[in-house]
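Note: the block below is upload.cif and it holds mmCIF, C-alpha atoms and all ligand atoms.
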```
data_run
loop_
_atom_site.label_atom_id
_atom_site.label_comp_id
_atom_site.auth_asym_id
_atom_site.auth_seq_id
_atom_site.Cartn_x
_atom_site.Cartn_y
_atom_site.Cartn_z
CA MET A 590 -23.43 11.78 23.13
CA ALA A 591 -23.10 15.51 22.45
CA SER A 592 -20.11 16.16 20.26
CA PRO A 593 -18.25 19.26 19.14
CA ALA A 594 -18.04 17.91 15.59
CA THR A 595 -19.23 20.20 12.81
CA GLU A 596 -20.64 19.45 9.38
CA VAL A 597 -18.26 20.20 6.51
CA GLN A 598 -19.54 21.83 3.35
CA PRO A 599 -18.25 20.10 0.19
CA ASN A 600 -16.79 21.92 -2.83
CA ALA A 601 -18.52 21.44 -6.16
CA SER A 602 -15.49 19.65 -7.67
CA ASP A 603 -15.14 17.09 -4.84
CA PRO A 604 -16.51 13.54 -4.86
CA THR A 605 -20.00 13.51 -3.36
CA PRO A 606 -19.94 13.50 0.45
CA ALA A 607 -21.63 10.11 0.50
CA GLN A 608 -18.68 8.63 -1.40
CA VAL A 609 -15.98 9.95 0.90
CA ALA A 610 -15.36 7.90 4.04
CA VAL A 611 -12.22 9.72 5.19
CA ARG A 612 -10.90 13.09 4.08
CA LEU A 613 -7.52 14.45 5.13
CA ASP A 614 -7.53 18.17 4.50
CA GLY A 615 -4.09 19.82 4.56
CA ILE A 616 -3.00 17.57 7.39
CA GLN A 617 0.42 18.20 8.99
CA LYS A 618 2.23 16.74 11.97
CA ARG A 619 5.38 17.96 13.67
CA PHE A 620 7.13 16.23 16.56
CA GLY A 621 9.52 18.93 17.82
CA ASP A 622 11.97 19.46 14.96
CA VAL A 623 10.74 16.44 12.97
CA THR A 624 8.01 17.05 10.42
CA ALA A 625 6.47 13.59 10.11
CA VAL A 626 3.66 14.64 7.76
CA VAL A 627 4.33 17.72 5.64
CA GLY A 628 0.92 18.34 4.13
CA VAL A 629 -1.49 15.67 2.98
CA ASP A 630 -4.79 16.03 1.15
CA LEU A 631 -6.54 12.75 0.57
CA ASP A 632 -10.01 11.30 0.00
CA VAL A 633 -10.59 7.64 0.81
CA LEU A 634 -13.89 6.46 -0.62
CA GLN A 635 -16.59 4.41 1.04
CA GLY A 636 -15.95 0.65 0.78
CA GLU A 637 -12.45 1.08 -0.60
CA PHE A 638 -9.44 -1.02 0.28
CA PHE A 639 -6.98 1.86 0.41
CA SER A 640 -3.28 1.42 1.21
CA MET A 641 -0.67 3.90 2.34
CA LEU A 642 2.62 2.64 0.97
CA GLY A 643 6.05 4.07 1.66
CA PRO A 644 9.44 3.41 3.19
CA SER A 645 10.13 3.48 6.92
CA GLY A 646 9.72 6.98 8.33
CA SER A 647 7.64 8.32 5.42
CA GLY A 648 4.74 9.26 7.69
CA LYS A 649 2.23 6.46 7.02
CA THR A 650 1.66 5.45 10.63
CA THR A 651 1.41 9.07 11.73
CA CYS A 652 -1.35 9.65 9.14
CA LEU A 653 -3.18 6.57 10.37
CA ARG A 654 -2.85 7.63 14.01
CA MET A 655 -4.27 11.05 13.17
CA ILE A 656 -7.29 9.39 11.54
CA ALA A 657 -7.71 7.17 14.62
CA GLY A 658 -7.33 10.13 16.97
CA PHE A 659 -4.19 8.88 18.73
CA GLU A 660 -2.27 11.93 17.45
CA ALA A 661 -3.56 15.47 17.05
CA PRO A 662 -2.52 17.15 13.78
CA THR A 663 -0.35 20.27 13.97
CA ALA A 664 -2.48 21.70 11.15
CA GLY A 665 -5.32 20.53 8.93
CA ARG A 666 -8.51 18.56 9.48
CA VAL A 667 -9.63 14.94 9.64
CA ILE A 668 -13.12 14.44 8.27
CA LEU A 669 -15.03 11.17 8.72
CA HIS A 670 -18.19 10.78 6.68
CA GLY A 671 -18.52 14.54 6.28
CA ARG A 672 -17.94 15.25 9.98
CA ASP A 673 -14.91 17.17 11.21
CA VAL A 674 -13.53 14.91 13.96
CA THR A 675 -10.11 16.59 14.29
CA THR A 676 -10.58 17.40 17.95
CA LEU A 677 -12.51 14.26 18.96
CA ALA A 678 -11.06 11.50 21.13
CA PRO A 679 -10.43 8.07 19.54
CA TYR A 680 -13.48 6.48 21.20
CA GLU A 681 -15.71 9.22 19.75
CA ARG A 682 -14.71 8.30 16.17
CA ASP A 683 -16.39 5.57 14.18
CA VAL A 684 -13.09 3.81 13.43
CA ASN A 685 -11.13 0.87 14.84
CA THR A 686 -7.45 0.03 14.51
CA VAL A 687 -5.75 -3.34 14.07
CA PHE A 688 -2.09 -3.28 15.06
CA GLN A 689 0.81 -5.48 13.99
CA ASP A 690 1.31 -6.92 17.49
CA TYR A 691 -2.40 -7.92 17.71
CA ALA A 692 -2.60 -6.59 21.31
CA LEU A 693 -4.71 -9.58 22.45
CA PHE A 694 -5.22 -10.23 26.16
CA PRO A 695 -3.27 -13.49 26.78
CA HIS A 696 -5.24 -14.55 29.86
CA MET A 697 -8.63 -14.25 28.13
CA THR A 698 -10.18 -16.75 25.74
CA VAL A 699 -10.58 -15.84 22.09
CA GLY A 700 -14.31 -15.28 22.66
CA ALA A 701 -13.67 -12.96 25.61
CA ASN A 702 -11.05 -11.05 23.62
CA VAL A 703 -13.51 -10.45 20.78
CA GLU A 704 -16.30 -9.55 23.21
CA TYR A 705 -14.18 -7.16 25.25
CA GLY A 706 -14.97 -3.91 23.39
CA LEU A 707 -18.70 -4.59 23.61
CA ARG A 708 -18.49 -5.23 27.37
CA VAL A 709 -16.71 -1.92 27.85
CA LYS A 710 -19.53 -0.21 25.96
CA ARG A 711 -22.05 -2.07 28.14
CA VAL A 712 -23.76 -3.69 25.17
CA PRO A 713 -26.45 -6.11 26.48
CA ARG A 714 -25.35 -9.73 26.83
CA GLU A 715 -27.63 -11.21 24.14
CA VAL A 716 -26.53 -8.62 21.58
CA ARG A 717 -22.89 -9.27 22.52
CA ARG A 718 -23.29 -12.97 21.95
CA THR A 719 -24.81 -12.49 18.49
CA ARG A 720 -22.23 -9.92 17.40
CA VAL A 721 -19.30 -12.03 18.59
CA ALA A 722 -20.69 -15.00 16.65
CA VAL A 723 -21.05 -12.89 13.51
CA ALA A 724 -17.51 -11.51 13.85
CA MET A 725 -16.07 -15.00 14.43
CA ARG A 726 -17.86 -16.23 11.32
CA MET A 727 -16.51 -13.29 9.27
CA VAL A 728 -12.95 -14.30 10.03
CA GLN A 729 -13.75 -18.02 9.79
CA LEU A 730 -12.81 -18.84 13.37
CA GLU A 731 -16.04 -20.45 14.58
CA GLY A 732 -15.26 -23.12 17.17
CA PHE A 733 -12.14 -21.35 18.47
CA GLU A 734 -13.99 -19.24 21.08
CA ASP A 735 -12.69 -21.16 24.12
CA ARG A 736 -9.01 -21.24 23.18
CA LYS A 737 -6.41 -18.90 24.60
CA PRO A 738 -4.36 -16.76 22.14
CA ALA A 739 -1.25 -18.86 22.90
CA GLN A 740 -3.06 -21.91 21.49
CA LEU A 741 -3.43 -20.28 18.05
CA SER A 742 -1.16 -19.88 15.04
CA GLY A 743 0.07 -16.40 14.04
CA GLY A 744 -2.50 -16.18 11.25
CA GLN A 745 -5.32 -17.21 13.57
CA ARG A 746 -4.23 -14.65 16.16
CA GLN A 747 -4.28 -11.99 13.47
CA ARG A 748 -7.83 -13.02 12.57
CA VAL A 749 -8.88 -12.71 16.24
CA ALA A 750 -7.44 -9.19 16.26
CA LEU A 751 -9.51 -8.48 13.15
CA ALA A 752 -12.67 -9.98 14.71
CA ARG A 753 -12.12 -7.84 17.79
CA ALA A 754 -12.16 -4.73 15.60
CA LEU A 755 -15.04 -5.89 13.34
CA VAL A 756 -17.30 -6.68 16.31
CA ASN A 757 -17.53 -2.95 17.02
CA GLN A 758 -19.02 -2.46 13.54
CA PRO A 759 -16.82 0.55 12.71
CA SER A 760 -17.42 2.31 9.40
CA VAL A 761 -13.66 2.49 8.78
CA LEU A 762 -11.03 -0.06 9.78
CA LEU A 763 -7.44 1.11 10.11
CA LEU A 764 -4.75 -1.54 9.78
CA ASP A 765 -1.12 -0.78 10.65
CA GLU A 766 1.18 -3.38 9.07
CA PRO A 767 -1.14 -6.09 10.44
CA LEU A 768 0.70 -8.92 8.68
CA GLY A 769 4.21 -7.73 9.47
CA ALA A 770 4.86 -10.43 12.08
CA LEU A 771 3.92 -13.35 9.81
CA ASP A 772 6.25 -15.36 7.60
CA LEU A 773 6.03 -14.83 3.85
CA LYS A 774 3.75 -17.78 2.99
CA LEU A 775 1.26 -17.03 5.73
CA ARG A 776 1.39 -13.34 4.90
CA GLN A 777 0.48 -14.03 1.29
CA GLN A 778 -2.37 -16.30 2.37
CA MET A 779 -3.64 -13.68 4.84
CA GLN A 780 -3.47 -10.97 2.17
CA ILE A 781 -6.00 -12.92 0.12
CA GLU A 782 -8.15 -13.62 3.20
CA LEU A 783 -8.10 -10.00 4.36
CA LYS A 784 -9.15 -8.78 0.95
CA ALA A 785 -11.95 -11.39 0.85
CA ILE A 786 -13.18 -10.31 4.32
CA GLN A 787 -13.09 -6.66 3.29
CA GLN A 788 -15.15 -7.39 0.19
CA ARG A 789 -17.60 -9.54 2.12
CA VAL A 790 -18.15 -6.93 4.82
CA GLY A 791 -17.99 -3.93 2.45
CA LEU A 792 -16.07 -1.86 5.01
CA THR A 793 -13.58 0.89 4.22
CA PHE A 794 -10.08 -0.40 4.98
CA ILE A 795 -7.07 1.90 5.30
CA TYR A 796 -4.01 -0.27 5.29
CA VAL A 797 -0.46 0.85 6.11
CA THR A 798 2.40 -1.14 4.63
CA HIS A 799 5.96 -0.71 3.37
CA ASP A 800 5.58 -3.82 1.19
CA GLN A 801 4.85 -2.88 -2.41
CA ASP A 802 3.66 -6.38 -3.38
CA GLU A 803 1.18 -6.33 -0.53
CA ALA A 804 -0.15 -2.91 -1.52
CA LEU A 805 -0.43 -3.85 -5.21
CA THR A 806 -2.13 -7.18 -4.43
CA MET A 807 -4.77 -5.93 -2.03
CA SER A 808 -5.65 -2.33 -2.76
CA ASP A 809 -8.36 -0.73 -4.83
CA ARG A 810 -6.23 2.42 -4.66
CA LEU A 811 -3.08 3.40 -2.85
CA ALA A 812 -1.10 6.48 -1.85
CA VAL A 813 2.69 6.31 -2.19
CA MET A 814 4.31 8.35 0.58
CA ASN A 815 7.81 9.76 0.81
CA HIS A 816 9.23 12.21 3.38
CA GLY A 817 5.83 13.02 4.85
CA ARG A 818 4.02 13.73 1.61
CA ILE A 819 2.02 11.83 -0.98
CA GLU A 820 3.84 11.43 -4.29
CA GLN A 821 1.01 9.67 -6.11
CA VAL A 822 -2.50 8.36 -5.54
CA GLY A 823 -4.02 5.83 -7.90
CA SER A 824 -4.99 2.25 -8.62
CA PRO A 825 -2.23 -0.38 -8.44
CA ALA A 826 -2.07 -0.37 -12.25
CA ASP A 827 -1.83 3.46 -12.34
CA VAL A 828 1.00 3.54 -9.85
CA TYR A 829 2.89 0.66 -11.39
CA GLU A 830 2.35 1.40 -15.08
CA ARG A 831 2.33 5.20 -14.87
CA PRO A 832 4.53 6.27 -11.94
CA ALA A 833 4.26 10.03 -11.48
CA THR A 834 7.72 10.58 -9.99
CA SER A 835 11.09 8.88 -10.05
CA PHE A 836 10.61 7.97 -6.39
CA VAL A 837 7.40 6.08 -7.19
CA ALA A 838 9.05 4.42 -10.20
CA GLY A 839 11.85 3.17 -7.97
CA PHE A 840 9.86 2.27 -4.88
CA VAL A 841 7.10 0.40 -6.71
CA GLY A 842 9.08 -2.01 -8.85
CA VAL A 843 12.54 -1.60 -10.36
CA SER A 844 13.52 1.98 -11.15
CA ASN A 845 14.77 1.70 -14.77
CA THR A 846 14.94 5.43 -15.31
CA LEU A 847 16.89 7.19 -18.06
CA SER A 848 17.39 10.94 -18.30
CA GLY A 849 19.33 13.73 -20.02
CA GLN A 850 21.74 12.78 -22.80
CA VAL A 851 21.03 9.04 -22.58
CA ALA A 852 17.27 9.64 -22.75
CA ARG A 853 17.80 11.86 -25.82
CA GLU A 854 19.76 9.15 -27.63
CA VAL A 855 16.99 6.65 -27.01
CA THR A 856 13.84 8.76 -27.37
CA GLY A 857 14.99 12.02 -28.98
CA SER A 858 14.01 13.98 -25.84
CA ASP A 859 15.83 14.93 -22.62
CA ALA A 860 12.75 14.21 -20.50
CA THR A 861 13.34 11.62 -17.78
CA PHE A 862 11.37 8.47 -18.45
CA THR A 863 10.93 5.05 -16.94
CA ILE A 864 10.39 1.72 -18.65
CA ARG A 865 9.31 -1.40 -16.76
CA PRO A 866 11.76 -4.34 -17.00
CA GLU A 867 9.16 -6.83 -18.28
CA LYS A 868 8.32 -4.55 -21.25
CA ILE A 869 11.86 -4.76 -22.67
CA ARG A 870 12.92 -7.41 -25.20
CA MET A 871 16.52 -8.50 -25.49
CA LEU A 872 17.66 -9.09 -29.10
CA ALA A 873 20.86 -9.77 -31.00
CA VAL A 874 22.70 -6.51 -31.75
CA GLU A 875 22.20 -6.83 -35.52
CA GLU A 876 18.41 -7.27 -35.22
CA GLN A 877 16.49 -4.15 -36.24
CA PRO A 878 13.18 -3.70 -34.46
CA GLY A 879 10.25 -2.21 -36.35
CA PRO A 880 8.75 1.31 -36.22
CA GLY A 881 7.29 2.65 -32.97
CA THR A 882 10.08 0.95 -31.04
CA CYS A 883 12.76 2.41 -28.80
CA THR A 884 16.07 0.66 -29.08
CA VAL A 885 19.53 0.87 -27.52
CA THR A 886 22.59 -1.38 -27.48
CA GLY A 887 24.71 -2.43 -24.52
CA HIS A 888 26.18 -5.47 -22.86
CA VAL A 889 24.86 -7.77 -20.16
CA ARG A 890 26.57 -6.84 -16.91
CA ALA A 891 24.80 -9.29 -14.61
CA VAL A 892 22.36 -12.20 -14.83
CA ILE A 893 20.13 -13.26 -11.95
CA TYR A 894 18.26 -16.50 -12.53
CA LEU A 895 14.98 -16.45 -10.57
CA GLY A 896 13.46 -19.78 -11.61
CA ALA A 897 10.31 -18.63 -13.43
CA SER A 898 12.11 -15.61 -14.86
CA THR A 899 15.59 -14.17 -15.32
CA ARG A 900 16.69 -10.62 -14.51
CA TYR A 901 19.43 -9.05 -16.64
CA ALA A 902 21.27 -5.82 -15.82
CA VAL A 903 22.34 -4.29 -19.12
CA ALA A 904 24.99 -1.52 -19.23
CA LEU A 905 23.96 0.74 -22.12
CA ASP A 906 26.45 2.00 -24.74
CA PRO A 907 25.32 5.66 -24.35
CA GLY A 908 25.64 5.32 -20.54
CA GLY A 909 23.24 4.25 -17.79
CA GLU A 910 21.77 0.84 -17.16
CA LEU A 911 18.44 -0.93 -17.66
CA VAL A 912 17.09 -4.04 -15.97
CA VAL A 913 15.32 -6.52 -18.24
CA LEU A 914 13.01 -9.23 -16.92
CA GLN A 915 12.32 -12.19 -19.15
CA GLN A 916 10.15 -15.20 -18.47
CA ASN A 917 11.97 -18.51 -18.76
CA LEU A 918 9.50 -19.98 -21.21
CA THR A 919 12.01 -22.38 -22.69
CA GLN A 920 15.48 -21.45 -21.51
CA SER A 921 17.36 -23.11 -18.64
CA SER A 922 19.57 -21.44 -16.04
CA MET A 923 22.66 -22.40 -18.05
CA GLU A 924 21.30 -20.69 -21.17
CA ALA A 925 20.34 -17.62 -19.17
CA LEU A 926 23.82 -17.34 -17.65
CA GLU A 927 25.55 -17.75 -21.03
CA VAL A 928 24.65 -14.20 -22.10
CA GLN A 929 26.66 -12.66 -19.27
CA GLY A 930 29.10 -10.10 -20.76
CA LYS A 931 27.60 -10.41 -24.28
CA PRO A 932 26.55 -7.43 -26.42
CA VAL A 933 22.79 -7.14 -26.88
CA ARG A 934 20.15 -4.84 -28.31
CA LEU A 935 17.24 -3.81 -26.13
CA ALA A 936 13.93 -2.90 -27.70
CA TRP A 937 10.53 -1.89 -26.39
CA ASP A 938 7.34 -0.38 -27.57
CA ARG A 939 7.64 3.41 -27.37
CA ALA A 940 4.11 3.56 -25.93
CA ASN A 941 5.42 1.92 -22.76
CA ASN A 942 7.72 4.84 -21.92
CA ARG A 943 6.47 6.88 -18.97
CA VAL A 944 7.77 10.39 -18.66
CA ILE A 945 8.10 11.26 -14.98
CA GLN A 946 8.52 14.47 -13.05
CA GLU A 947 11.26 14.95 -10.51
CA LEU A 948 10.19 16.13 -7.07
CA ARG A 949 13.12 18.01 -5.61
CA GLY A 950 13.70 18.96 -2.00
CA GLU A 951 11.05 19.97 0.48
CA THR A 952 9.72 22.95 -1.46
CA GLU A 953 7.93 21.07 -4.22
CA PRO A 954 4.18 20.69 -3.84
CA SER A 955 2.89 17.29 -2.75
CA GLY A 956 -0.03 15.36 -4.21
CA SER A 957 -0.48 13.19 -7.25
CA GLY A 958 1.51 14.25 -10.29
CA GLU A 959 0.21 14.29 -13.83
CA GLU A 960 1.44 11.50 -15.95
CA GLU A 961 2.62 11.85 -19.51
CA GLY A 962 4.06 9.60 -22.09
P1 LIG A 1001 7.41 2.78 9.64
O1 LIG A 1001 7.07 2.00 8.40
O2 LIG A 1001 8.84 2.60 10.06
O3 LIG A 1001 6.43 2.62 10.75
P2 LIG A 1001 6.15 5.28 8.88
O4 LIG A 1001 6.12 5.61 7.43
O5 LIG A 1001 4.90 4.75 9.46
O6 LIG A 1001 7.38 4.34 9.20
P3 LIG A 1001 5.99 7.28 10.93
O7 LIG A 1001 5.99 6.28 12.03
O8 LIG A 1001 4.73 7.96 10.60
O9 LIG A 1001 6.57 6.63 9.60
O10 LIG A 1001 7.12 8.35 11.26
C1 LIG A 1001 7.37 9.49 10.46
C2 LIG A 1001 8.49 10.30 11.07
O11 LIG A 1001 8.04 10.86 12.31
C3 LIG A 1001 9.74 9.50 11.42
O12 LIG A 1001 10.85 10.32 11.17
C4 LIG A 1001 9.59 9.24 12.90
O13 LIG A 1001 10.83 9.08 13.51
C5 LIG A 1001 8.88 10.48 13.39
N1 LIG A 1001 8.01 10.21 14.54
C6 LIG A 1001 6.94 9.40 14.58
N2 LIG A 1001 6.37 9.40 15.81
C7 LIG A 1001 7.13 10.24 16.57
C8 LIG A 1001 7.05 10.68 17.95
N3 LIG A 1001 6.08 10.26 18.75
N4 LIG A 1001 8.01 11.54 18.37
C9 LIG A 1001 8.97 12.00 17.54
N5 LIG A 1001 9.09 11.63 16.26
C10 LIG A 1001 8.18 10.77 15.76
#
```
Go ahead and render the structure in this file as structure tokens.
Amino acid sequence: MASPATEVQPNASDPTPAQVAVRLDGIQKRFGDVTAVVGVDLDVLQGEFFSMLGPSGSGKTTCLRMIAGFEAPTAGRVILHGRDVTTLAPYERDVNTVFQDYALFPHMTVGANVEYGLRVKRVPREVRRTRVAVAMRMVQLEGFEDRKPAQLSGGQRQRVALARALVNQPSVLLLDEPLGALDLKLRQQMQIELKAIQQRVGLTFIYVTHDQDEALTMSDRLAVMNHGRIEQVGSPADVYERPATSFVAGFVGVSNTLSGQVAREVTGSDATFTIRPEKIRMLAVEEQPGPGTCTVTGHVRAVIYLGASTRYAVALDPGGELVVLQQNLTQSSMEALEVQGKPVRLAWDRANNRVIQELRGETEPSGSGEEEG
């Protein structure tokens, strides 16, 4: 098919074209007065499980729909495997989308549902049969071909939706909250299965979710979105251990941020920093931790017993509050609750402090921030 797509020349500093499956280049989207995506530059690499994580309304789905071709960007370009596809229709792009509601045809069998896209493309019958069989095997649903969607569990239906996308052999699979309709246990099981399928097939997955655990569990890398822009791109460990902004620190995990006067009393500097709750030890007030340690006193304001661990909210003497997470290696719920209201000393390795930048208002530049600390 003749296409208006043009080849894009790479810059010397970019990843090699062969590595980049999807590039968003200054992409923006306005709906009337609403700016859904303010300006996003992003490279998703070949074979990556890449997630777009952010709260409701942060622009994740709009980004995905622009990659799929369901929305046209107001500005910027979408580049697939080095080809500018910004103006191409969805069916002209080598991508497929899996939606949360599965969008299966209820009157068709599972086999017919999976085969449907190939029929539309007039793929010969023998080829269709082989490709459907391969796709059914990928999602481990062999033997279910003759059932109707209503005769399947939620997880099985989701796998049919996946098979229906995989059968088209797209180079990039877009997934929009595909596990959102499943209960927690099944969702966790499907997270592991999805990741295993992705690794087996070696496809590029771009996965939209507002669930931080899901994004951390499954992704090779993720982008954290807020108000239509990317606040940070990195591996799960990067984003969790070295949040670039206070928004990322709060959205991915518990915020635990100290700034200004309180920060100075603890670290000697006004710079805002974050410390993860599981890095903090809770000691008796009179205990003096060794060198290289940050320490602050306070009293336990609240105790939440979580079974395997306990979460303590500690009001600090200089002001502010920190959450501490401790594993219940030996203590019982009674022992955990006994410290409520008691004075304590908190201590943590100074190396675990992460200085973060504050993104203010709409005028700050987007993109991944530099970490310090
Ligand atoms: P969710 O997790 O709730 O799906 P999201 O991060 O995917 O949220 P988007 O669906 O991309 O967010 O929406 C971003 C913003 O754009 C929101 O303010 C939304 O109301 C607005 N928006 C999205 N689609 C349209 C549309 N077709 N018309 C007008 N506004 C829209």
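Inspection of the environment of ligand LIG 1001 (chain A), which uses only C-alpha atoms and all ligand atoms and a cut-off of 7 Å, identifies the neighbouring residues as Phe620, Gly621, Val623, Thr624, Ala625, Val626, Gly643, Pro644, Ser645, Gly646, Ser647, Gly648, Lys649, Thr650, Thr651, Cys652, Thr798, His799 and Gly817 of chain A.
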Around (-2.6, -3.2, 7.4) in the file's frame, which residues reach within 7 Å when counting all atoms listed in the file? Return as a PyMOL selection string?
chain A and resi 764-768+796-798
Neighbour list for segment 733-749 of chain A as a list in words, cut-off 7 Å, only C-alpha atoms, skip fewer than 6 positions in-chain
Tyr691, Pro695, His696, Met697, Thr698, Val699, Gly700, Val703, Leu771, Leu775 and Met779 of chain A
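Proximity of A:Ala838, A:Met727, A:Leu914, A:Ile616 to Gly628 of chain A, computed with only C-alpha atoms, is greatest for A:Ile616.
Closest approach to Arg831 of chain A from the set A:Asn941, A:Thr663, A:Gln689, A:Asn815 is made by A:Asn941, with distances taken over only C-alpha atoms.
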Gap from atom CA of Val828 of chain A to atom CA of Val843 of chain A - Å, one decimal:
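We find that atom CA of Val828 of chain A and atom CA of Val843 of chain A lie 12.6 Å from each other.
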Let me make sure I understand: among A:Leu762, A:Ala607, A:Leu631, A:Ala785, which one has the smallest atom-to-atom distance to Ile819 of chain A if we use only C-alpha atoms?
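Selected residue with least distance to Ile819 of chain A: A:Leu631.
Proximity to Ala873 of chain A at 8 Å, evaluated using all atoms listed in the file and with sequence-adjacent residues fewer than 4 positions away removed, yields Pro932, Val933 and Arg934 of chain A.
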Quick one, how far is atom CA of Leu613 of chain A from atom CA of Ala692 of chain A?
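Taking atom CA of Leu613 of chain A and atom CA of Ala692 of chain A, their separation equals 27.0 Å.
If all atoms listed in the file are the atoms counted, then among A:Asn845, A:Leu935, A:Pro713, A:Ala860 the closest residue to Gly887 of chain A is A:Leu935.
Across the model, the gap from atom CA of Leu872 of chain A to atom CA of Val903 of chain A is 12.0 Å.
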Option closest in space to Arg818 of chain A, from A:Val611, A:Val944, A:Val712, A:Val627 [counting all atoms listed in the file]:
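Smallest separation from Arg818 of chain A among the options: A:Val627.
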